[in-house]
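What follows is the content of protein.cif, which has mmCIF, C-alpha atoms (C1' of nucleotides):
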data_model
#
loop_
_atom_site.group_PDB
_atom_site.id
_atom_site.type_symbol
_atom_site.label_atom_id
_atom_site.label_comp_id
_atom_site.auth_asym_id
_atom_site.auth_seq_id
_atom_site.Cartn_x
_atom_site.Cartn_y
_atom_site.Cartn_z
ATOM 1 C CA MET G 133 25.134 6.409 10.895
ATOM 2 C CA ARG G 134 21.582 6.122 9.800
ATOM 3 C CA GLU G 135 19.714 3.104 11.015
ATOM 4 C CA LYS G 136 18.402 0.550 8.621
ATOM 5 C CA GLN G 137 14.776 0.977 7.644
ATOM 6 C CA TYR G 138 12.149 -1.615 6.897
ATOM 7 C CA TRP G 139 9.515 -1.625 4.184
ATOM 8 C CA LEU G 140 6.621 -3.636 2.874
ATOM 9 C CA PHE G 141 6.266 -3.925 -0.908
ATOM 10 C CA LYS G 142 2.946 -5.031 -2.320
ATOM 11 C CA SER G 143 2.767 -6.757 -5.645
ATOM 12 C CA GLU G 144 0.022 -8.344 -7.650
ATOM 13 C CA PRO G 145 1.639 -11.701 -8.484
ATOM 14 C CA SER G 146 0.116 -11.810 -11.947
ATOM 15 C CA SER G 147 2.257 -8.746 -12.610
ATOM 16 C CA TYR G 148 5.354 -9.665 -10.645
ATOM 17 C CA SER G 149 5.530 -12.417 -8.064
ATOM 18 C CA PHE G 150 8.034 -13.449 -5.435
ATOM 19 C CA LEU G 151 8.834 -16.424 -7.655
ATOM 20 C CA ASP G 152 9.707 -13.992 -10.421
ATOM 21 C CA LEU G 153 12.041 -12.229 -8.028
ATOM 22 C CA LEU G 154 13.637 -15.548 -7.042
ATOM 23 C CA GLN G 155 14.358 -16.239 -10.691
ATOM 24 C CA ASP G 156 15.564 -12.734 -11.498
ATOM 25 C CA ARG G 157 17.433 -12.256 -8.194
ATOM 26 C CA VAL G 158 17.394 -8.488 -8.772
ATOM 27 C CA ALA G 159 14.416 -6.438 -9.931
ATOM 28 C CA GLU G 160 13.977 -2.839 -10.984
ATOM 29 C CA TRP G 161 10.896 -1.716 -9.064
ATOM 30 C CA ASP G 162 9.510 0.361 -11.870
ATOM 31 C CA GLY G 163 6.000 1.498 -12.649
ATOM 32 C CA VAL G 164 5.073 2.991 -9.292
ATOM 33 C CA ARG G 165 2.827 5.969 -10.018
ATOM 34 C CA ASN G 166 1.860 7.174 -6.581
ATOM 35 C CA TYR G 167 3.561 10.232 -5.137
ATOM 36 C CA GLN G 168 3.883 8.944 -1.606
ATOM 37 C CA ALA G 169 5.476 5.679 -2.714
ATOM 38 C CA ARG G 170 7.645 7.632 -5.160
ATOM 39 C CA SER G 171 8.960 9.803 -2.358
ATOM 40 C CA PHE G 172 9.850 6.798 -0.230
ATOM 41 C CA MET G 173 11.935 5.392 -3.079
ATOM 42 C CA ARG G 174 13.471 8.687 -4.145
ATOM 43 C CA SER G 175 14.349 10.074 -0.733
ATOM 44 C CA ASP G 176 14.147 7.529 2.042
ATOM 45 C CA MET G 177 15.371 4.099 0.957
ATOM 46 C CA ARG G 178 18.992 3.237 1.456
ATOM 47 C CA MET G 179 21.240 0.371 0.478
ATOM 48 C CA GLY G 180 20.561 -2.606 2.679
ATOM 49 C CA ASP G 181 17.106 -1.583 3.810
ATOM 50 C CA GLU G 182 15.010 -4.695 4.257
ATOM 51 C CA ILE G 183 11.745 -5.447 2.520
ATOM 52 C CA LEU G 184 8.824 -7.772 3.093
ATOM 53 C CA PHE G 185 7.355 -8.993 -0.186
ATOM 54 C CA TYR G 186 3.560 -9.174 -0.085
ATOM 55 C CA HIS G 187 1.169 -10.584 -2.668
ATOM 56 C CA SER G 188 -2.141 -8.752 -2.898
ATOM 57 C CA GLU G 189 -3.743 -11.541 -4.877
ATOM 58 C CA GLN G 190 -7.372 -12.095 -3.919
ATOM 59 C CA GLY G 191 -7.766 -15.143 -1.751
ATOM 60 C CA ASN G 192 -4.042 -15.632 -1.425
ATOM 61 C CA GLN G 193 -2.827 -12.487 0.316
ATOM 62 C CA ALA G 194 0.420 -13.248 2.091
ATOM 63 C CA ILE G 195 4.042 -12.337 2.628
ATOM 64 C CA PHE G 196 6.285 -14.769 0.799
ATOM 65 C CA GLY G 197 9.765 -13.625 1.695
ATOM 66 C CA THR G 198 12.169 -10.752 1.996
ATOM 67 C CA ALA G 199 14.377 -8.633 -0.202
ATOM 68 C CA ARG G 200 16.828 -5.789 0.256
ATOM 69 C CA VAL G 201 17.552 -2.522 -1.465
ATOM 70 C CA VAL G 202 20.597 -2.860 -3.721
ATOM 71 C CA ARG G 203 20.294 0.383 -5.667
ATOM 72 C CA GLU G 204 18.951 3.620 -4.243
ATOM 73 C CA GLY G 205 16.380 5.819 -5.923
ATOM 74 C CA TYR G 206 16.924 6.749 -9.550
ATOM 75 C CA PRO G 207 14.580 7.981 -12.276
ATOM 76 C CA ASP G 208 12.014 5.505 -13.544
ATOM 77 C CA PHE G 209 12.789 5.612 -17.246
ATOM 78 C CA THR G 210 9.679 3.640 -18.159
ATOM 79 C CA ALA G 211 7.821 6.915 -17.586
ATOM 80 C CA TRP G 212 9.294 8.422 -20.751
ATOM 81 C CA ASP G 213 8.990 5.296 -22.856
ATOM 82 C CA SER G 214 5.837 5.802 -24.885
ATOM 83 C CA ALA G 215 5.648 2.053 -25.477
ATOM 84 C CA SER G 216 5.479 1.333 -21.745
ATOM 85 C CA LYS G 217 2.166 0.884 -20.032
ATOM 86 C CA HIS G 218 3.584 3.110 -17.306
ATOM 87 C CA PHE G 219 4.292 5.923 -19.753
ATOM 88 C CA ASP G 220 3.716 9.380 -18.313
ATOM 89 C CA PRO G 221 4.221 12.251 -20.753
ATOM 90 C CA LYS G 222 4.681 14.691 -17.876
ATOM 91 C CA SER G 223 7.968 13.034 -16.927
ATOM 92 C CA ASN G 224 11.161 13.394 -18.961
ATOM 93 C CA PRO G 225 14.896 12.753 -18.463
ATOM 94 C CA ASP G 226 15.609 16.392 -17.630
ATOM 95 C CA ASN G 227 12.915 16.572 -15.000
ATOM 96 C CA PRO G 228 11.875 13.092 -13.923
ATOM 97 C CA ILE G 229 8.757 12.750 -11.818
ATOM 98 C CA TRP G 230 8.896 9.059 -10.997
ATOM 99 C CA PHE G 231 11.640 7.114 -9.258
ATOM 100 C CA MET G 232 12.441 3.486 -8.546
ATOM 101 C CA VAL G 233 14.913 1.345 -6.635
ATOM 102 C CA ASP G 234 16.452 -2.035 -7.337
ATOM 103 C CA ILE G 235 15.790 -4.866 -4.936
ATOM 104 C CA GLU G 236 17.457 -8.236 -4.520
ATOM 105 C CA VAL G 237 15.837 -11.342 -3.119
ATOM 106 C CA ALA G 238 17.034 -12.127 0.387
ATOM 107 C CA GLU G 239 15.073 -14.871 2.126
ATOM 108 C CA THR G 240 12.303 -17.205 1.026
ATOM 109 C CA PHE G 241 9.847 -17.916 3.795
ATOM 110 C CA GLN G 242 9.398 -21.534 4.824
ATOM 111 C CA ARG G 243 5.709 -20.802 4.583
ATOM 112 C CA PRO G 244 3.712 -17.761 3.473
ATOM 113 C CA VAL G 245 2.421 -15.562 6.274
ATOM 114 C CA THR G 246 -1.157 -14.829 5.359
ATOM 115 C CA LEU G 247 -3.078 -11.608 5.774
ATOM 116 C CA LYS G 248 -5.545 -13.430 7.991
ATOM 117 C CA GLU G 249 -2.729 -14.556 10.233
ATOM 118 C CA ILE G 250 -1.185 -11.085 10.377
ATOM 119 C CA LYS G 251 -4.498 -9.728 11.636
ATOM 120 C CA ASP G 252 -4.374 -12.096 14.590
ATOM 121 C CA VAL G 253 -1.000 -10.916 15.915
ATOM 122 C CA PRO G 254 -1.414 -8.116 18.470
ATOM 123 C CA GLN G 255 2.082 -6.733 17.775
ATOM 124 C CA LEU G 256 1.097 -6.147 14.150
ATOM 125 C CA GLU G 257 -2.203 -4.384 14.705
ATOM 126 C CA ASN G 258 -0.840 -0.971 13.721
ATOM 127 C CA MET G 259 0.511 -2.009 10.344
ATOM 128 C CA GLY G 260 -0.737 0.145 7.467
ATOM 129 C CA LEU G 261 -1.425 -3.050 5.589
ATOM 130 C CA LEU G 262 -4.340 -3.743 7.915
ATOM 131 C CA ARG G 263 -5.958 -0.339 7.622
ATOM 132 C CA ARG G 264 -9.104 -0.446 5.596
ATOM 133 C CA GLY G 265 -8.739 1.175 2.220
ATOM 134 C CA ASN G 266 -4.975 1.489 2.405
ATOM 135 C CA ARG G 267 -3.773 1.083 -1.150
ATOM 136 C CA LEU G 268 -0.246 2.336 -0.728
ATOM 137 C CA SER G 269 2.012 -0.176 -2.495
ATOM 138 C CA ILE G 270 5.149 0.725 -0.547
ATOM 139 C CA GLN G 271 4.868 1.256 3.179
ATOM 140 C CA PRO G 272 7.348 1.765 5.978
ATOM 141 C CA ILE G 273 7.161 -0.784 8.770
ATOM 142 C CA THR G 274 8.892 -0.990 12.118
ATOM 143 C CA GLU G 275 11.819 -3.200 12.980
ATOM 144 C CA THR G 276 9.596 -5.051 15.433
ATOM 145 C CA GLU G 277 6.988 -5.730 12.782
ATOM 146 C CA PHE G 278 9.692 -6.967 10.432
ATOM 147 C CA ASP G 279 11.185 -9.232 13.082
ATOM 148 C CA VAL G 280 7.843 -10.694 14.112
ATOM 149 C CA LEU G 281 6.972 -11.465 10.518
ATOM 150 C CA ILE G 282 10.239 -13.128 9.568
ATOM 151 C CA LEU G 283 9.970 -15.350 12.628
ATOM 152 C CA LEU G 284 6.513 -16.396 11.475
ATOM 153 C CA GLY G 285 7.825 -16.901 7.943
ATOM 154 C CA ARG G 286 10.621 -19.121 9.205
ATOM 155 C CA GLY G 287 7.980 -21.415 10.595
ATOM 156 C CA SER G 288 8.505 -20.894 14.286
ATOM 157 C CA ASP G 289 4.923 -21.198 15.351
ATOM 158 C "C1'" DG P 168 -18.795 -9.533 -8.523
ATOM 159 C "C1'" DC P 169 -19.279 -5.933 -5.227
ATOM 160 C "C1'" DC P 170 -17.963 -1.923 -3.287
ATOM 161 C "C1'" DA P 171 -15.275 1.139 0.108
ATOM 162 C "C1'" DA P 172 -11.425 3.962 0.109
ATOM 163 C "C1'" DC P 173 -8.392 6.639 -2.113
ATOM 164 C "C1'" DG P 174 -5.856 9.479 -5.683
ATOM 165 C "C1'" DT P 175 -6.298 12.168 -9.770
ATOM 166 C "C1'" DT P 176 -8.502 15.055 -13.122
ATOM 167 C "C1'" DG P 177 -10.905 18.810 -14.766
ATOM 168 C "C1'" DG P 178 -14.767 22.194 -14.752
ATOM 169 C "C1'" DC P 179 -15.875 26.164 -12.511
ATOM 170 C "C1'" DG A 124 -9.038 26.580 -4.586
ATOM 171 C "C1'" DC A 125 -13.064 23.645 -4.404
ATOM 172 C "C1'" DC A 126 -15.160 19.513 -5.255
ATOM 173 C "C1'" DA A 127 -17.732 16.164 -8.245
ATOM 174 C "C1'" DA A 128 -16.706 12.594 -11.295
ATOM 175 C "C1'" DC A 129 -13.978 9.035 -12.453
ATOM 176 C "C1'" DG A 130 -10.591 5.185 -12.382
ATOM 177 C "C1'" DT A 131 -8.006 1.989 -9.623
ATOM 178 C "C1'" DT A 132 -6.816 -0.902 -5.747
ATOM 179 C "C1'" DG A 133 -7.696 -4.563 -3.132
ATOM 180 C "C1'" DG A 134 -10.402 -6.918 0.672
ATOM 181 C "C1'" DC A 135 -14.359 -9.592 1.055
#
Entire entry expressed as C-alpha coordinates:
Amino acid sequence: MREKQYWLFKSEPSSYSFLDLLQDRVAEWDGVRNYQARSFMRSDMRMGDEILFYHSEQGNQAIFGTARVVREGYPDFTAWDSASKHFDPKSNPDNPIWFMVDIEVAETFQRPVTLKEIKDVPQLENMGLLRRGNRLSIQPITETEFDVLILLGRGSD
DNA sequence: GCCAACGTTGGC
DNA sequence: GCCAACGTTGGC
(Lines of atoms letter the chains of each structure in order from A and count residues from 1; the text may use other names and numbers.)
(Lines give C-alpha, C1' and ligand atoms only; values in the text may rest on other atoms or scores of the structure.)
Protein backbone atom coordinates (compact mmCIF):
# COMPACT_ATOMS: atom_id res chain seq x y z
CA MET A 1 0.00 0.00 0.00
CA ARG A 2 1.32 3.34 -1.00
CA GLU A 3 1.90 5.79 1.78
CA LYS A 4 -0.01 9.00 1.97
CA GLN A 5 1.75 12.00 0.50
CA TYR A 6 1.70 15.61 1.58
CA TRP A 7 1.52 18.73 -0.53
CA LEU A 8 1.53 22.49 -0.28
CA PHE A 9 -0.87 24.39 -2.55
CA LYS A 10 -0.27 28.07 -3.11
CA SER A 11 -3.11 30.36 -3.98
CA GLU A 12 -3.46 34.06 -4.47
CA PRO A 13 -6.49 34.76 -2.25
CA SER A 14 -7.89 37.36 -4.62
CA SER A 15 -8.26 34.46 -7.04
CA TYR A 16 -9.26 31.72 -4.64
CA SER A 17 -8.90 31.91 -0.88
CA PHE A 18 -9.16 29.42 1.94
CA LEU A 19 -12.43 31.12 2.87
CA ASP A 20 -13.69 30.34 -0.62
CA LEU A 21 -12.76 26.72 -0.06
CA LEU A 22 -14.56 26.70 3.29
CA GLN A 23 -17.70 27.91 1.57
CA ASP A 24 -17.41 25.58 -1.41
CA ARG A 25 -16.16 22.59 0.63
CA VAL A 26 -14.84 21.02 -2.58
CA ALA A 27 -12.87 22.80 -5.30
CA GLU A 28 -11.69 21.81 -8.75
CA TRP A 29 -8.06 22.91 -8.80
CA ASP A 30 -8.13 24.08 -12.36
CA GLY A 31 -6.00 26.58 -14.23
CA VAL A 32 -2.56 25.25 -13.32
CA ARG A 33 -0.35 25.84 -16.35
CA ASN A 34 3.04 24.66 -15.18
CA TYR A 35 4.31 21.28 -16.30
CA GLN A 36 5.86 20.26 -13.02
CA ALA A 37 2.71 21.04 -11.05
CA ARG A 38 0.65 19.36 -13.78
CA SER A 39 2.66 16.18 -13.41
CA PHE A 40 2.17 16.11 -9.66
CA MET A 41 -1.59 16.29 -10.13
CA ARG A 42 -1.76 13.91 -13.08
CA SER A 43 0.57 11.20 -11.79
CA ASP A 44 1.38 11.51 -8.12
CA MET A 45 -1.61 12.65 -6.07
CA ARG A 46 -3.87 10.05 -4.58
CA MET A 47 -7.16 10.07 -2.73
CA GLY A 48 -6.63 11.18 0.83
CA ASP A 49 -3.33 12.94 0.29
CA GLU A 50 -3.14 15.91 2.61
CA ILE A 51 -2.63 19.51 1.59
CA LEU A 52 -1.51 22.69 3.28
CA PHE A 53 -3.32 25.72 1.88
CA TYR A 54 -1.02 28.73 1.53
CA HIS A 55 -1.89 32.30 0.58
CA SER A 56 0.79 34.08 -1.42
CA GLU A 57 -0.78 37.46 -0.83
CA GLN A 58 1.81 40.19 -0.32
CA GLY A 59 2.12 41.13 3.31
CA ASN A 60 -0.15 38.33 4.43
CA GLN A 61 1.65 35.17 3.36
CA ALA A 62 0.50 32.31 5.54
CA ILE A 63 -0.94 28.83 5.73
CA PHE A 64 -4.59 28.98 6.70
CA GLY A 65 -5.61 25.35 6.92
CA THR A 66 -5.60 21.96 5.30
CA ALA A 67 -7.44 20.07 2.61
CA ARG A 68 -7.36 16.60 1.12
CA VAL A 69 -7.48 15.12 -2.34
CA VAL A 70 -10.96 13.80 -3.10
CA ARG A 71 -10.61 13.22 -6.83
CA GLU A 72 -7.42 12.13 -8.54
CA GLY A 73 -5.97 13.73 -11.65
CA TYR A 74 -8.27 14.28 -14.60
CA PRO A 75 -8.08 16.58 -17.62
CA ASP A 76 -8.46 20.29 -16.95
CA PHE A 77 -11.31 21.08 -19.30
CA THR A 78 -10.90 24.83 -18.85
CA ALA A 79 -7.93 24.46 -21.21
CA TRP A 80 -10.23 23.82 -24.17
CA ASP A 81 -12.82 26.41 -23.22
CA SER A 82 -12.01 29.42 -25.36
CA ALA A 83 -13.95 31.62 -22.95
CA SER A 84 -11.72 30.64 -20.03
CA LYS A 85 -8.78 32.77 -19.07
CA HIS A 86 -6.86 29.51 -18.78
CA PHE A 87 -7.65 28.55 -22.37
CA ASP A 88 -4.81 26.75 -24.12
CA PRO A 89 -5.44 25.92 -27.78
CA LYS A 90 -2.74 23.24 -27.70
CA SER A 91 -4.86 21.11 -25.37
CA ASN A 92 -7.98 19.24 -26.49
CA PRO A 93 -10.21 16.45 -25.15
CA ASP A 94 -8.48 13.79 -27.24
CA ASN A 95 -5.03 14.77 -26.07
CA PRO A 96 -5.24 16.85 -22.91
CA ILE A 97 -2.11 18.62 -21.75
CA TRP A 98 -3.30 19.99 -18.43
CA PHE A 99 -4.70 18.11 -15.45
CA MET A 100 -6.34 18.97 -12.15
CA VAL A 101 -7.54 17.33 -8.95
CA ASP A 102 -10.45 18.05 -6.64
CA ILE A 103 -9.73 19.00 -3.07
CA GLU A 104 -11.97 19.18 -0.03
CA VAL A 105 -11.45 21.40 2.98
CA ALA A 106 -10.23 19.47 6.00
CA GLU A 107 -9.12 21.65 8.89
CA THR A 108 -9.19 25.38 9.54
CA PHE A 109 -6.20 26.55 11.51
CA GLN A 110 -6.86 28.26 14.82
CA ARG A 111 -4.45 30.88 13.58
CA PRO A 112 -2.61 31.39 10.30
CA VAL A 113 1.00 30.23 10.26
CA THR A 114 2.90 33.02 8.61
CA LEU A 115 5.78 32.79 6.18
CA LYS A 116 7.92 34.73 8.62
CA GLU A 117 7.18 32.20 11.31
CA ILE A 118 7.88 29.25 9.02
CA LYS A 119 11.33 30.68 8.33
CA ASP A 120 12.14 30.57 12.03
CA VAL A 121 11.48 26.85 12.49
CA PRO A 122 14.66 24.80 11.97
CA GLN A 123 12.69 21.67 10.98
CA LEU A 124 11.17 23.58 8.07
CA GLU A 125 14.33 25.08 6.63
CA ASN A 126 14.38 22.74 3.62
CA MET A 127 10.87 23.52 2.42
CA GLY A 128 10.70 24.58 -1.23
CA LEU A 129 8.47 27.41 -0.13
CA LEU A 130 11.46 29.11 1.46
CA ARG A 131 13.77 28.83 -1.52
CA ARG A 132 14.31 32.13 -3.19
CA GLY A 133 12.59 32.39 -6.53
CA ASN A 134 10.56 29.22 -6.11
CA ARG A 135 7.32 29.88 -7.92
CA LEU A 136 6.00 26.35 -8.08
CA SER A 137 2.35 26.51 -7.00
CA ILE A 138 2.12 22.86 -5.98
CA GLN A 139 4.97 21.35 -4.02
CA PRO A 140 5.53 18.07 -2.24
CA ILE A 141 6.34 18.36 1.45
CA THR A 142 7.39 15.79 4.01
CA GLU A 143 5.19 14.24 6.65
CA THR A 144 7.33 15.91 9.30
CA GLU A 145 6.87 19.32 7.72
CA PHE A 146 3.13 18.74 7.53
CA ASP A 147 2.95 17.63 11.15
CA VAL A 148 5.01 20.55 12.43
CA LEU A 149 2.84 23.01 10.57
CA ILE A 150 -0.51 21.65 11.68
CA LEU A 151 0.67 21.73 15.28
CA LEU A 152 1.55 25.39 14.83
CA GLY A 153 -1.79 26.01 13.12
CA ARG A 154 -3.66 24.41 16.01
CA GLY A 155 -2.16 27.04 18.24
CA SER A 156 0.18 24.92 20.30
CA ASP A 157 2.92 27.45 20.70
C1' DG B 1 6.89 49.66 -6.85
C1' DC B 2 10.95 47.00 -7.50
C1' DC B 3 13.21 43.26 -9.08
C1' DA B 4 15.17 38.33 -8.81
C1' DA B 5 14.08 33.96 -10.37
C1' DC B 6 11.97 31.16 -13.38
C1' DG B 7 9.35 29.20 -17.45
C1' DT B 8 8.14 29.85 -22.16
C1' DT B 9 8.56 31.48 -26.81
C1' DG B 10 10.62 32.18 -31.03
C1' DG B 11 14.49 33.54 -34.12
C1' DC B 12 18.40 31.59 -35.82
C1' DG C 1 19.63 22.94 -30.05
C1' DC C 2 20.89 27.43 -28.30
C1' DC C 3 19.77 31.41 -26.05
C1' DA C 4 17.88 36.23 -25.83
C1' DA C 5 13.66 38.36 -24.96
C1' DC C 6 9.65 38.42 -22.64
C1' DG C 7 5.92 37.62 -19.21
C1' DT C 8 4.73 36.07 -14.66
C1' DT C 9 5.27 35.03 -9.82
C1' DG C 10 5.88 36.47 -5.52
C1' DG C 11 8.98 38.23 -1.69
C1' DC C 12 10.45 42.47 0.00
Checklist entry - Within 12 Å of DC179 of chain P, counting all atoms listed in the file, which residues qualify if same-chain residues fewer than 6 places away don't, as a list in words? => result DG124, DC125, DC126 and DA127 of chain A
Next on the checklist: As a check of understanding, name the residues that the PyMOL selection byres ((chain G) within 12 of (chain P)) selects in the supplied structure, as a ChimeraX atom specification.
Outcome noted: /G:165-168,263-268
Next on the checklist: Quick check on the file I pasted: which residues fall under the PyMOL selection byres ((chain G and resi 218) around 12)? Write them as a list of chain:residue names.
Outcome noted: G:Asp162, G:Gly163, G:Val164, G:Arg165, G:Asn166, G:Asp208, G:Phe209, G:Thr210, G:Ala211, G:Trp212, G:Asp213, G:Ser214, G:Ala215, G:Ser216, G:Lys217, G:Phe219, G:Asp220, G:Pro221, G:Lys222, G:Ser223, G:Trp230
Checklist entry - Between atom CA of Gln190 of chain G and atom CA of Glu236 of chain G, what is the spacing in Å? => result 25.1 Å
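Taking atom CA of Gln193 of chain G as the reference point, atom CA of Leu247 of chain G is found at 5.5 Å.
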Item to check | the PyMOL selection byres ((chain G and resi 201) around 9) applied to the shown file, residues as JSON, numbers by chain | outcome: {"G": [177, 178, 179, 180, 181, 182, 183, 199, 200, 202, 203, 204, 233, 234, 235, 236]}
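Reported to one decimal place, the separation of atom CA of Met173 of chain G from atom CA of Glu275 of chain G is 18.2 Å.
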Item to check | Residues within 10 Å of (8.0, -3.1, 2.5), file coords, all atoms listed in the file, listed as a ChimeraX atom specification | outcome: /G:137-142,181-186,198-200,261,269-274,278
